[in-house]
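K.L.:
So that you have it, the file is data.csv, and it contains CSV, C-alpha atoms and all ligand atoms:
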```csv
chain,number,residue,atom,x,y,z
I,1,ALA,CA,-0.1,-5.2,-27.3
I,2,HIS,CA,-1.4,-4.2,-30.7
I,3,LEU,CA,-3.1,-0.9,-31.2
I,4,ASP,CA,-4.8,-1.5,-34.5
I,5,ASN,CA,-8.3,-3.1,-34.8
I,6,MET,CA,-10.2,-5.0,-37.5
I,7,PRO,CA,-13.2,-3.0,-38.5
I,8,SER,CA,-16.3,-4.8,-39.8
I,9,GLY,CA,-18.0,-1.5,-40.6
I,10,ALA,CA,-17.4,2.2,-40.8
I,11,VAL,CA,-16.1,2.4,-37.3
I,12,ALA,CA,-13.7,0.1,-35.4
I,13,PRO,CA,-13.9,1.1,-31.7
I,14,GLY,CA,-11.8,-1.9,-30.6
I,15,ALA,CA,-12.3,-1.4,-26.9
I,16,ASP,CA,-11.5,-4.9,-26.0
I,17,ASP,CA,-9.5,-5.7,-29.1
I,18,ASN,CA,-7.2,-4.1,-28.2
I,19,ALA,CA,-7.5,-0.7,-26.5
I,20,SER,CA,-7.7,-2.8,-23.3
I,21,GLY,CA,-4.2,-4.3,-23.9
I,22,ILE,CA,-2.8,-0.9,-24.9
I,23,ALA,CA,-4.2,0.7,-21.7
I,24,GLY,CA,-2.4,-2.0,-19.8
I,25,VAL,CA,0.9,-1.3,-21.5
I,26,LEU,CA,0.5,2.5,-20.9
I,27,THR,CA,-0.4,1.9,-17.2
I,28,ALA,CA,2.6,-0.3,-16.8
I,29,ALA,CA,4.9,2.3,-18.5
I,30,SER,CA,3.6,5.1,-16.3
I,31,ILE,CA,4.1,3.2,-13.1
I,32,LEU,CA,7.2,1.1,-13.8
I,33,GLY,CA,9.0,4.0,-15.5
I,34,GLN,CA,9.4,5.6,-12.1
I,35,TYR,CA,11.8,3.0,-10.8
I,36,GLU,CA,15.3,1.9,-11.5
I,37,TRP,CA,15.9,-1.4,-13.2
I,38,ASN,CA,18.9,-3.7,-13.8
I,39,CYS,CA,17.6,-4.4,-17.3
I,40,THR,CA,15.7,-2.5,-20.0
I,41,LEU,CA,11.9,-2.6,-19.9
I,42,ARG,CA,10.2,-1.9,-23.2
I,43,PHE,CA,6.6,-1.0,-23.5
I,44,VAL,CA,5.7,-1.6,-27.1
I,45,ALA,CA,2.5,-0.9,-29.1
I,46,PHE,CA,2.4,-2.8,-32.4
I,47,THR,CA,0.5,-1.9,-35.6
I,48,GLY,CA,-0.6,-4.3,-38.3
I,49,GLU,CA,-1.5,-7.1,-36.0
I,50,GLU,CA,-4.8,-7.8,-37.6
I,51,GLN,CA,-3.2,-7.9,-41.1
I,52,GLY,CA,-0.9,-10.8,-39.9
I,53,LEU,CA,1.3,-9.7,-37.1
I,54,ARG,CA,3.1,-7.3,-39.4
I,55,GLY,CA,4.4,-4.7,-36.8
I,56,SER,CA,5.6,-7.3,-34.3
I,57,SER,CA,7.1,-9.4,-37.1
I,58,ALA,CA,9.2,-6.4,-38.3
I,59,TYR,CA,10.2,-5.6,-34.8
I,60,ALA,CA,11.2,-9.1,-33.8
I,61,THR,CA,13.1,-9.5,-37.1
I,62,LYS,CA,15.1,-6.3,-36.2
I,63,VAL,CA,15.9,-7.2,-32.6
I,64,TYR,CA,16.9,-10.7,-33.7
I,65,SER,CA,19.2,-9.4,-36.4
I,66,ASP,CA,20.7,-7.0,-33.8
I,67,THR,CA,21.2,-10.1,-31.5
I,68,GLU,CA,19.3,-8.4,-28.7
I,69,ASN,CA,18.9,-10.4,-25.6
I,70,ILE,CA,15.2,-10.4,-24.8
I,71,ALA,CA,14.5,-12.2,-21.5
I,72,GLY,CA,10.7,-12.4,-22.1
I,73,VAL,CA,7.7,-11.0,-23.8
I,74,LEU,CA,4.3,-10.4,-22.1
I,75,ASN,CA,1.7,-9.7,-24.7
I,76,LEU,CA,-1.7,-8.3,-23.6
I,77,ASP,CA,-4.4,-8.8,-26.2
I,78,MET,CA,-8.1,-8.5,-25.2
I,79,VAL,CA,-8.0,-8.2,-21.4
I,80,GLY,CA,-11.3,-6.4,-20.7
I,81,PHE,CA,-14.3,-8.6,-21.4
I,82,ASN,CA,-15.8,-10.8,-18.7
I,83,ALA,CA,-19.5,-11.8,-18.6
I,84,LEU,CA,-19.5,-14.9,-16.5
I,85,ASP,CA,-19.1,-14.9,-12.7
I,86,GLU,CA,-15.7,-16.5,-12.6
I,87,PRO,CA,-13.0,-14.0,-13.6
I,88,VAL,CA,-10.9,-16.4,-15.7
I,89,ILE,CA,-7.8,-15.2,-17.5
I,90,GLU,CA,-5.8,-17.4,-19.9
I,91,LEU,CA,-2.0,-17.5,-20.2
I,92,HIS,CA,-0.9,-19.2,-23.4
I,93,THR,CA,2.6,-20.7,-23.8
I,94,LYS,CA,4.1,-22.9,-26.5
I,95,ARG,CA,3.5,-26.6,-26.2
I,96,SER,CA,5.7,-28.8,-24.1
I,97,ILE,CA,7.1,-30.5,-27.2
I,98,ASP,CA,8.2,-27.0,-28.4
I,99,ASN,CA,10.5,-26.6,-25.3
I,100,ASN,CA,8.3,-24.1,-23.5
I,101,GLN,CA,10.1,-24.0,-20.1
I,102,SER,CA,10.9,-20.3,-20.4
I,103,ASP,CA,7.4,-19.4,-21.4
I,104,LEU,CA,6.1,-21.4,-18.5
I,105,ALA,CA,8.3,-19.5,-16.1
I,106,ILE,CA,6.6,-16.3,-17.2
I,107,ALA,CA,3.1,-17.9,-16.9
I,108,TYR,CA,3.9,-19.3,-13.4
I,109,LEU,CA,5.2,-15.9,-12.4
I,110,PHE,CA,1.9,-14.3,-13.6
I,111,SER,CA,-0.1,-16.9,-11.6
I,112,ASN,CA,2.1,-16.3,-8.5
I,113,VAL,CA,1.5,-12.5,-8.9
I,114,VAL,CA,-2.3,-13.1,-9.0
I,115,ALA,CA,-2.1,-15.2,-5.8
I,116,SER,CA,0.5,-13.2,-3.9
I,117,TYR,CA,-1.3,-9.9,-4.4
I,118,ASN,CA,-4.7,-11.4,-3.8
I,119,LEU,CA,-6.1,-10.4,-7.2
I,120,ASP,CA,-9.6,-11.4,-8.0
I,121,LEU,CA,-8.7,-13.5,-11.0
I,122,THR,CA,-8.5,-17.2,-11.9
I,123,SER,CA,-5.5,-17.8,-14.1
I,124,GLU,CA,-5.3,-20.8,-16.4
I,125,ILE,CA,-2.0,-21.8,-18.0
I,126,ILE,CA,-2.7,-23.3,-21.5
I,127,GLN,CA,0.2,-24.9,-23.3
I,128,ASP,CA,-1.2,-24.8,-26.8
I,129,ARG,CA,1.0,-22.5,-28.9
I,130,GLU,CA,-1.9,-20.1,-29.5
I,131,SER,CA,-0.2,-18.0,-32.2
I,132,ARG,CA,-2.9,-15.5,-33.2
I,133,SER,CA,-1.2,-12.4,-31.7
I,134,ASP,CA,2.1,-10.5,-31.5
I,135,HIS,CA,3.9,-12.8,-29.0
I,136,ALA,CA,4.1,-15.4,-31.8
I,137,SER,CA,6.5,-13.1,-33.8
I,138,PHE,CA,8.9,-13.6,-30.8
I,139,TRP,CA,8.3,-17.3,-30.4
I,140,SER,CA,9.2,-17.9,-34.0
I,141,ARG,CA,12.6,-16.2,-33.4
I,142,GLY,CA,13.3,-18.2,-30.3
I,143,TYR,CA,12.3,-15.6,-27.6
I,144,PRO,CA,10.2,-16.7,-24.6
I,145,GLY,CA,6.8,-15.1,-24.2
I,146,ILE,CA,3.2,-15.5,-23.2
I,147,LEU,CA,-0.2,-14.3,-24.4
I,148,ALA,CA,-2.4,-13.0,-21.6
I,149,ILE,CA,-6.0,-12.9,-22.8
I,150,GLU,CA,-9.6,-13.2,-21.5
I,151,ASP,CA,-11.3,-16.5,-21.2
I,152,PHE,CA,-11.9,-18.1,-24.6
I,153,SER,CA,-15.1,-19.7,-23.3
I,154,ASP,CA,-16.2,-16.2,-22.1
I,155,PHE,CA,-15.1,-14.3,-25.1
I,156,THR,CA,-16.4,-11.0,-26.3
I,157,PRO,CA,-19.4,-11.5,-28.7
I,158,TYR,CA,-18.5,-8.1,-30.2
I,159,TYR,CA,-15.1,-9.3,-31.5
I,160,HIS,CA,-14.1,-7.4,-34.7
I,161,SER,CA,-17.4,-5.6,-34.8
I,162,VAL,CA,-18.6,-2.0,-34.6
I,163,ASN,CA,-20.0,-2.9,-31.1
I,164,ASP,CA,-16.6,-3.6,-29.4
I,165,THR,CA,-17.1,-0.6,-27.2
I,166,VAL,CA,-15.9,0.3,-23.7
I,167,TYR,CA,-19.5,-0.2,-22.3
I,168,THR,CA,-19.3,-3.9,-23.0
I,169,LEU,CA,-16.2,-4.3,-20.8
I,170,ASP,CA,-16.0,-5.4,-17.1
I,171,ALA,CA,-14.1,-2.6,-15.4
I,172,ALA,CA,-13.3,-4.6,-12.2
I,173,TYR,CA,-12.0,-7.6,-14.2
I,174,PHE,CA,-10.0,-5.3,-16.5
I,175,THR,CA,-8.5,-3.5,-13.5
I,176,GLU,CA,-7.4,-6.7,-11.8
I,177,PHE,CA,-6.0,-8.0,-15.1
I,178,VAL,CA,-3.9,-4.9,-15.6
I,179,LYS,CA,-2.7,-5.0,-12.0
I,180,ALA,CA,-1.6,-8.6,-12.6
I,181,ALA,CA,0.2,-7.7,-15.8
I,182,VAL,CA,2.0,-4.7,-14.2
I,183,GLY,CA,3.0,-6.8,-11.3
I,184,THR,CA,4.3,-9.6,-13.6
I,185,PHE,CA,6.3,-7.2,-15.7
I,186,ALA,CA,7.8,-5.7,-12.6
I,187,HIS,CA,8.9,-9.1,-11.3
I,188,MET,CA,10.3,-10.0,-14.8
I,189,GLY,CA,12.3,-6.8,-14.8
I,190,CYS,CA,15.0,-7.1,-12.1
I,191,LEU,CA,13.9,-4.1,-10.0
I,192,VAL,CA,16.7,-2.4,-8.2
I,193,VAL,CA,15.6,-1.8,-4.6
I,194,PRO,CA,17.5,-0.3,-1.7
I,195,GLU,CA,19.1,-2.8,0.8
I,196,ILE,CA,19.8,-1.4,4.2
I,197,ALA,CA,22.1,-2.7,6.9
I,198,VAL,CA,22.4,-1.1,10.3
I,199,ALA,CA,25.1,-1.8,12.8
I,200,PRO,CA,25.5,-2.5,15.6
I,201,SER,CA,22.2,-4.2,16.4
I,202,ALA,CA,22.3,-2.9,20.0
I,203,ILE,CA,24.3,-0.2,21.9
I,204,SER,CA,25.1,-0.3,25.6
I,205,VAL,CA,27.1,2.5,27.3
I,206,SER,CA,28.2,2.8,30.9
I,207,ILE,CA,29.6,6.1,32.0
I,208,LEU,CA,30.1,8.3,35.1
I,209,PRO,CA,27.5,11.0,36.0
I,210,GLU,CA,28.1,14.4,34.5
I,211,THR,CA,30.2,13.1,31.6
I,212,SER,CA,29.6,12.5,27.9
I,213,ILE,CA,30.7,10.0,25.3
I,214,THR,CA,30.3,9.5,21.6
I,215,GLN,CA,29.4,6.2,19.9
I,216,THR,CA,28.7,5.5,16.2
I,217,LEU,CA,25.8,4.0,14.4
I,218,SER,CA,26.5,2.9,10.8
I,219,ILE,CA,23.9,2.8,8.1
I,220,THR,CA,25.0,1.1,4.8
I,221,ASN,CA,23.1,0.7,1.6
I,222,TYR,CA,24.0,-2.1,-0.8
I,223,SER,CA,21.7,-1.4,-3.7
I,224,GLY,CA,19.7,1.4,-5.4
I,225,GLU,CA,18.9,4.6,-3.6
I,226,LEU,CA,18.2,4.5,0.1
I,227,THR,CA,16.2,7.2,1.9
I,228,TRP,CA,16.3,6.9,5.7
I,229,GLN,CA,15.3,8.6,8.8
I,230,LEU,CA,16.1,8.1,12.4
I,231,ALA,CA,14.1,8.7,15.6
I,232,GLU,CA,14.3,7.9,19.3
I,233,THR,CA,11.3,5.9,20.6
I,234,PRO,CA,10.6,7.3,23.1
I,235,PRO,CA,12.6,10.5,22.8
I,236,VAL,CA,15.1,10.9,25.6
I,237,SER,CA,17.2,13.9,26.9
I,238,TRP,CA,20.5,12.0,27.4
I,239,LEU,CA,21.0,11.0,23.7
I,240,SER,CA,21.3,13.0,20.6
I,241,GLU,CA,22.3,12.2,17.0
I,242,ALA,CA,24.4,14.2,14.7
I,243,ILE,CA,22.2,13.4,11.7
I,244,THR,CA,18.6,12.1,11.7
I,245,ALA,CA,17.8,11.7,8.0
I,246,GLY,CA,19.4,11.4,4.6
I,247,GLN,CA,19.8,9.6,1.3
I,248,LEU,CA,22.5,7.1,0.4
I,249,ALA,CA,23.6,5.7,-2.9
I,250,ILE,CA,25.6,2.4,-2.6
I,251,GLU,CA,27.6,3.6,0.4
I,252,GLY,CA,27.6,3.9,4.1
I,253,ILE,CA,27.4,6.6,6.7
I,254,ASP,CA,28.6,6.7,10.3
I,255,ILE,CA,26.3,8.7,12.5
I,256,PRO,CA,27.8,10.0,15.8
I,257,LEU,CA,25.6,9.4,18.8
I,258,PHE,CA,26.2,11.7,21.8
I,259,PHE,CA,25.5,10.3,25.3
I,260,ASP,CA,25.4,12.9,28.0
I,261,THR,CA,24.7,12.2,31.7
I,262,ALA,CA,24.6,15.9,32.8
I,263,GLY,CA,21.9,16.2,35.5
I,264,LEU,CA,21.0,12.5,35.2
I,265,PRO,CA,20.7,10.6,38.5
I,266,GLU,CA,22.5,7.3,38.6
I,267,GLY,CA,20.5,4.5,37.0
I,268,VAL,CA,19.8,2.5,33.8
I,269,TYR,CA,18.0,4.3,30.9
I,270,THR,CA,16.8,2.8,27.7
I,271,THR,CA,15.4,3.9,24.4
I,272,THR,CA,15.2,2.5,20.9
I,273,LEU,CA,16.5,4.1,17.7
I,274,THR,CA,14.1,3.3,14.9
I,275,ILE,CA,15.5,3.7,11.4
I,276,ASP,CA,12.7,4.0,8.8
I,277,SER,CA,13.7,3.5,5.1
I,278,ASN,CA,12.5,2.8,1.7
I,279,ASP,CA,14.0,-0.7,1.8
I,280,PRO,CA,11.0,-2.8,0.9
I,281,ASP,CA,12.2,-5.8,3.0
I,282,GLU,CA,13.2,-3.8,5.9
I,283,PRO,CA,11.1,-0.6,6.2
I,284,GLN,CA,12.0,-0.3,9.9
I,285,THR,CA,15.1,-1.4,11.8
I,286,SER,CA,15.4,-1.0,15.5
I,287,VAL,CA,18.5,-0.6,17.6
I,288,GLY,CA,18.1,-0.9,21.4
I,289,VAL,CA,20.1,1.6,23.4
I,290,THR,CA,21.0,1.3,27.1
I,291,LEU,CA,22.7,3.9,29.1
I,292,THR,CA,24.0,3.1,32.6
I,293,THR,CA,25.3,6.0,34.7
I,294,THR,CA,27.1,4.9,37.8
I,295,LEU,CA,29.8,6.0,40.1
I,296,GLN,CA,31.4,2.6,39.7
I,297,PRO,CA,34.1,2.7,37.2
I,298,PRO,CA,33.1,1.1,33.9
I,299,PRO,CA,34.4,-2.4,33.3
I,300,PRO,CA,37.6,-2.7,31.4
I,301,PRO,CA,37.2,-3.1,27.7
I,302,ILE,CA,37.4,-6.7,26.4
I,303,LEU,CA,40.8,-7.2,24.7
I,304,GLN,CA,40.4,-8.6,21.3
I,305,TYR,CA,42.9,-10.8,19.5
I,306,LEU,CA,44.6,-8.8,16.9
I,307,PRO,CA,46.5,-10.7,14.2
I,308,TRP,CA,49.4,-8.3,13.9
I,309,LEU,CA,50.3,-8.8,17.6
I,310,THR,CA,51.5,-12.3,16.9
I,311,LYS,CA,54.1,-10.9,14.6
I,312,TYR,CA,55.7,-8.9,17.4
I,313,ARG,CA,55.2,-11.7,19.9
I,314,SER,CA,57.3,-14.1,17.9
I,315,GLU,CA,60.2,-11.6,17.6
X,401,ZN,ZN,-6.3,-8.6,-30.9
```
Mind turning the file's structure into structure tokens?
Ligand SMILES: [Zn+2]
P.N.:
Amino acid sequence: AHLDNMPSGAVAPGADDNASGIAGVLTAASILGQYEWNCTLRFVAFTGEEQGLRGSSAYATKVYSDTENIAGVLNLDMVGFNALDEPVIELHTKRSIDNNQSDLAIAYLFSNVVASYNLDLTSEIIQDRESRSDHASFWSRGYPGILAIEDFSDFTPYYHSVNDTVYTLDAAYFTEFVKAAVGTFAHMGCLVVPEIAVAPSAISVSILPETSITQTLSITNYSGELTWQLAETPPVSWLSEAITAGQLAIEGIDIPLFFDTAGLPEGVYTTTLTIDSNDPDEPQTSVGVTLTTTLQPPPPPILQYLPWLTKYRSE
């Protein structure tokens, strides 16, 4: 987004053009900066846009000469004005004859974010190579990008005037537009999220009265930083856990589970271990636990085929 404005008089409030876009960039930075990413996110405010894309042109020239790999550019320019009932936003890409597939991927992502998060916006993808803003500096150097902007047929009448003030903006429309932009940039940015795996999926123990046994529950994290906690639902007296909460980098932990039938009449008892975590796909995992206490001896363990045995068998 650009932070300069084109004054037509003594003052240039530039609320829509383009404090609105800058507020979106700052909001995205303050939120997305809290997370871990597999790629670099840059939140850039350009100057000199109104004089002919000068800031973005200098920037794009520099990153191009440094052969930086830029996956995509999301440019917010005028995202706050909406007078008509329908909250239309425009997503501009290059034309199809310009080979705009990578731009379209960003535009479709933006539309999907609007739909998936139920934002009150109507997004229109326009393949017209609209070049009057900073994304064009990246297009001309071969980088994909889009311009996200308010509806051209419901455009601020205060454009480049002393009356482009915050009072003329539609706060609800602007808020939804910024949410969509933050969501799109998040999905463009390879967010690193925790990935939990819990094993086994169920535990069944059969022991004599007045005895105890230890089993193991494994929690493994495959990505990012996992925070987990463990609880019995419902809590039971015959089971306890060595650890009930923790944090894991990309690693695993074995949690000893103590089963104790002291004072427990013969019978079958059940509970569920629930593991809550910050894994967004799997915020809660459940492991069913069954304890049978009986005077009958436990069944013999099932012998498993072990490859090394064959070696001795053949000798
Ligand atoms: Zn502008």
K.L.:
Enumerate residues in contact with ligand ZN 401 (chain X): an atom-to-atom distance of at most 10 Å, counting all atoms listed in the file. Format the result as a list in words.
P.N.:
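What falls inside 10 Å of ligand ZN 401 (chain X) is Ala1, His2, Leu3, Asp4, Asn5, Met6, Gly14, Asp16, Asp17, Asn18, Ala19, Ser20, Gly21, Glu49, Glu50, Leu53, Leu76, Asp77, Met78, Val79, Arg132, Ser133, Asp134, Ile149, Tyr159 and His160 of chain I.
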K.L.:
With distances taken over all atoms listed in the file, which residue among I:Val88, I:Ala181, I:Arg141, I:Leu169 lies nearest Ile106 (chain I)?
P.N.:
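Distance minimum relative to Ile106 (chain I) lands on I:Ala181.
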K.L.:
I:Ser56, I:Thr214, I:Asn82, I:Ser137: which is nearest Tyr167 (chain I), counting all atoms listed in the file?
P.N.:
I:Asn82
K.L.:
In terms of the shortest atom-to-atom distance over only C-alpha atoms, which of I:Val182, I:Gln247, I:Tyr269, I:Ala60 is closest to Gly33 (chain I)?
P.N.:
I:Val182
K.L.:
Measure the distance from CA of Phe258 (chain I) to CA of Thr274 (chain I) in Å and round it to one decimal.
P.N.:
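A separation of 16.3 Å between them.
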K.L.:
Contacts of region 282-297 of chain I at 9 Å or less, counting all atoms listed in the file, minus same-chain residues fewer than 5 places along, as JSON, numbers by chain?
P.N.:
{"I": [195, 196, 197, 198, 199, 200, 201, 202, 203, 204, 205, 206, 207, 208, 209, 210, 238, 259, 261, 264, 265, 266, 267, 268, 269, 270, 271, 272, 273, 274, 275, 276, 277]}
K.L.:
So that I have them on file, write out the residues from the current selection with C-alpha atoms, as a short mmCIF file (atom, residue, chain, number, x, y, z; two decimals), in the frame of the given file.
P.N.:
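Produced file again.cif, reproduced below:
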```
data_model
loop_
_atom_site.label_atom_id
_atom_site.label_comp_id
_atom_site.auth_asym_id
_atom_site.auth_seq_id
_atom_site.Cartn_x
_atom_site.Cartn_y
_atom_site.Cartn_z
CA GLU I 195 19.10 -2.80 0.80
CA ILE I 196 19.80 -1.40 4.20
CA ALA I 197 22.10 -2.70 6.90
CA VAL I 198 22.40 -1.10 10.30
CA ALA I 199 25.10 -1.80 12.80
CA PRO I 200 25.50 -2.50 15.60
CA SER I 201 22.20 -4.20 16.40
CA ALA I 202 22.30 -2.90 20.00
CA ILE I 203 24.30 -0.20 21.90
CA SER I 204 25.10 -0.30 25.60
CA VAL I 205 27.10 2.50 27.30
CA SER I 206 28.20 2.80 30.90
CA ILE I 207 29.60 6.10 32.00
CA LEU I 208 30.10 8.30 35.10
CA PRO I 209 27.50 11.00 36.00
CA GLU I 210 28.10 14.40 34.50
CA TRP I 238 20.50 12.00 27.40
CA PHE I 259 25.50 10.30 25.30
CA THR I 261 24.70 12.20 31.70
CA LEU I 264 21.00 12.50 35.20
CA PRO I 265 20.70 10.60 38.50
CA GLU I 266 22.50 7.30 38.60
CA GLY I 267 20.50 4.50 37.00
CA VAL I 268 19.80 2.50 33.80
CA TYR I 269 18.00 4.30 30.90
CA THR I 270 16.80 2.80 27.70
CA THR I 271 15.40 3.90 24.40
CA THR I 272 15.20 2.50 20.90
CA LEU I 273 16.50 4.10 17.70
CA THR I 274 14.10 3.30 14.90
CA ILE I 275 15.50 3.70 11.40
CA ASP I 276 12.70 4.00 8.80
CA SER I 277 13.70 3.50 5.10
#
```
K.L.:
What's the separation between CA of Ser161 (chain I) and CA of Ala12 (chain I), in Å to one decimal place?
P.N.:
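Between CA of Ser161 (chain I) and CA of Ala12 (chain I) the gap is 6.8 Å.
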K.L.:
Residues at most 12 Å from Cys39 (chain I), counting all atoms listed in the file, excluding those fewer than 5 positions away in the same chain, as a PDB file with C-alpha atoms, in the coordinates of the input?
P.N.:
```pdb
ATOM      1  CA  ASN I  69      18.900 -10.400 -25.600  1.00  0.00           C
ATOM      2  CA  ILE I  70      15.200 -10.400 -24.800  1.00  0.00           C
ATOM      3  CA  ALA I  71      14.500 -12.200 -21.500  1.00  0.00           C
ATOM      4  CA  GLY I  72      10.700 -12.400 -22.100  1.00  0.00           C
ATOM      5  CA  PHE I 185       6.300  -7.200 -15.700  1.00  0.00           C
ATOM      6  CA  ALA I 186       7.800  -5.700 -12.600  1.00  0.00           C
ATOM      7  CA  HIS I 187       8.900  -9.100 -11.300  1.00  0.00           C
ATOM      8  CA  MET I 188      10.300 -10.000 -14.800  1.00  0.00           C
ATOM      9  CA  GLY I 189      12.300  -6.800 -14.800  1.00  0.00           C
ATOM     10  CA  CYS I 190      15.000  -7.100 -12.100  1.00  0.00           C
ATOM     11  CA  LEU I 191      13.900  -4.100 -10.000  1.00  0.00           C
ATOM     12  CA  VAL I 192      16.700  -2.400  -8.200  1.00  0.00           C
TER      13      VAL I 192
END
```
K.L.:
Compile the contact shell of Leu257 (chain I) as a ChimeraX atom specification: residues with an atom at most 10 Å away, counting all atoms listed in the file, same-chain residues fewer than 2 positions apart removed.
P.N.:
/I:213-217,239-243,254-255,259-260
K.L.:
Would you output that residue set with C-alpha atoms, as a PDB file, keeping the file's coordinate frame?
P.N.:
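Full text of selection_1.pdb as output:
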```
ATOM      1  CA  ILE I 213      30.700  10.000  25.300  1.00  0.00           C
ATOM      2  CA  THR I 214      30.300   9.500  21.600  1.00  0.00           C
ATOM      3  CA  GLN I 215      29.400   6.200  19.900  1.00  0.00           C
ATOM      4  CA  THR I 216      28.700   5.500  16.200  1.00  0.00           C
ATOM      5  CA  LEU I 217      25.800   4.000  14.400  1.00  0.00           C
ATOM      6  CA  LEU I 239      21.000  11.000  23.700  1.00  0.00           C
ATOM      7  CA  SER I 240      21.300  13.000  20.600  1.00  0.00           C
ATOM      8  CA  GLU I 241      22.300  12.200  17.000  1.00  0.00           C
ATOM      9  CA  ALA I 242      24.400  14.200  14.700  1.00  0.00           C
ATOM     10  CA  ILE I 243      22.200  13.400  11.700  1.00  0.00           C
ATOM     11  CA  ASP I 254      28.600   6.700  10.300  1.00  0.00           C
ATOM     12  CA  ILE I 255      26.300   8.700  12.500  1.00  0.00           C
ATOM     13  CA  PHE I 259      25.500  10.300  25.300  1.00  0.00           C
ATOM     14  CA  ASP I 260      25.400  12.900  28.000  1.00  0.00           C
TER      15      ASP I 260
END
```
K.L.:
Which residues come within 9 Å of Ala29 (chain I), counting all atoms listed in the file, excluding same-chain residues fewer than 6 positions away, as a PDB file with C-alpha atoms, keeping the file's coordinate frame?
P.N.:
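Done, and the output landed in around14.pdb:
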```
ATOM      1  CA  LEU I  41      11.900  -2.600 -19.900  1.00  0.00           C
ATOM      2  CA  ARG I  42      10.200  -1.900 -23.200  1.00  0.00           C
ATOM      3  CA  PHE I  43       6.600  -1.000 -23.500  1.00  0.00           C
ATOM      4  CA  VAL I 182       2.000  -4.700 -14.200  1.00  0.00           C
TER       5      VAL I 182
END
```
K.L.:
Please compute the CA of Ala115 (chain I)-CA of Thr40 (chain I) distance, one decimal, in Å.
P.N.:
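Rounded to one decimal, the two atoms are 26.1 Å apart.
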K.L.:
Fix up region 31-46 of chain I with N, CA and C atoms, then write it as an mmCIF file, in the coordinates of the input.
P.N.:
```cif
data_model
loop_
_atom_site.group_PDB
_atom_site.id
_atom_site.type_symbol
_atom_site.label_atom_id
_atom_site.label_comp_id
_atom_site.auth_asym_id
_atom_site.auth_seq_id
_atom_site.Cartn_x
_atom_site.Cartn_y
_atom_site.Cartn_z
ATOM 1 N N ILE I 31 3.760 3.554 -14.460
ATOM 2 C CA ILE I 31 4.100 3.200 -13.100
ATOM 3 C C ILE I 31 5.576 2.672 -13.035
ATOM 4 N N LEU I 32 5.914 1.726 -13.890
ATOM 5 C CA LEU I 32 7.200 1.100 -13.800
ATOM 6 C C LEU I 32 8.350 2.042 -14.233
ATOM 7 N N GLY I 33 7.980 3.034 -15.052
ATOM 8 C CA GLY I 33 9.000 4.000 -15.500
ATOM 9 C C GLY I 33 9.517 4.878 -14.372
ATOM 10 N N GLN I 34 8.892 4.831 -13.202
ATOM 11 C CA GLN I 34 9.400 5.600 -12.100
ATOM 12 C C GLN I 34 10.494 4.980 -11.298
ATOM 13 N N TYR I 35 10.794 3.731 -11.615
ATOM 14 C CA TYR I 35 11.800 3.000 -10.800
ATOM 15 C C TYR I 35 13.030 2.693 -11.601
ATOM 16 N N GLU I 36 14.048 2.246 -10.855
ATOM 17 C CA GLU I 36 15.300 1.900 -11.500
ATOM 18 C C GLU I 36 15.382 0.395 -11.677
ATOM 19 N N TRP I 37 15.935 -0.030 -12.825
ATOM 20 C CA TRP I 37 15.900 -1.400 -13.200
ATOM 21 C C TRP I 37 17.340 -1.868 -13.593
ATOM 22 N N ASN I 38 17.615 -3.145 -13.376
ATOM 23 C CA ASN I 38 18.900 -3.700 -13.800
ATOM 24 C C ASN I 38 18.875 -4.164 -15.254
ATOM 25 N N CYS I 39 17.720 -4.071 -15.894
ATOM 26 C CA CYS I 39 17.600 -4.400 -17.300
ATOM 27 C C CYS I 39 16.657 -3.446 -17.955
ATOM 28 N N THR I 40 16.581 -3.484 -19.257
ATOM 29 C CA THR I 40 15.700 -2.500 -20.000
ATOM 30 C C THR I 40 14.312 -3.074 -20.080
ATOM 31 N N LEU I 41 13.343 -2.263 -19.708
ATOM 32 C CA LEU I 41 11.900 -2.600 -19.900
ATOM 33 C C LEU I 41 11.455 -1.848 -21.146
ATOM 34 N N ARG I 42 10.795 -2.543 -22.045
ATOM 35 C CA ARG I 42 10.200 -1.900 -23.200
ATOM 36 C C ARG I 42 8.716 -2.037 -23.205
ATOM 37 N N PHE I 43 8.039 -0.952 -23.487
ATOM 38 C CA PHE I 43 6.600 -1.000 -23.500
ATOM 39 C C PHE I 43 6.225 -0.693 -25.002
ATOM 40 N N VAL I 44 5.756 -1.720 -25.675
ATOM 41 C CA VAL I 44 5.700 -1.600 -27.100
ATOM 42 C C VAL I 44 4.211 -1.763 -27.602
ATOM 43 N N ALA I 45 3.809 -0.848 -28.471
ATOM 44 C CA ALA I 45 2.500 -0.900 -29.100
ATOM 45 C C ALA I 45 2.728 -1.248 -30.597
ATOM 46 N N PHE I 46 2.196 -2.374 -31.034
ATOM 47 C CA PHE I 46 2.400 -2.800 -32.400
ATOM 48 C C PHE I 46 1.229 -2.423 -33.302
#
```
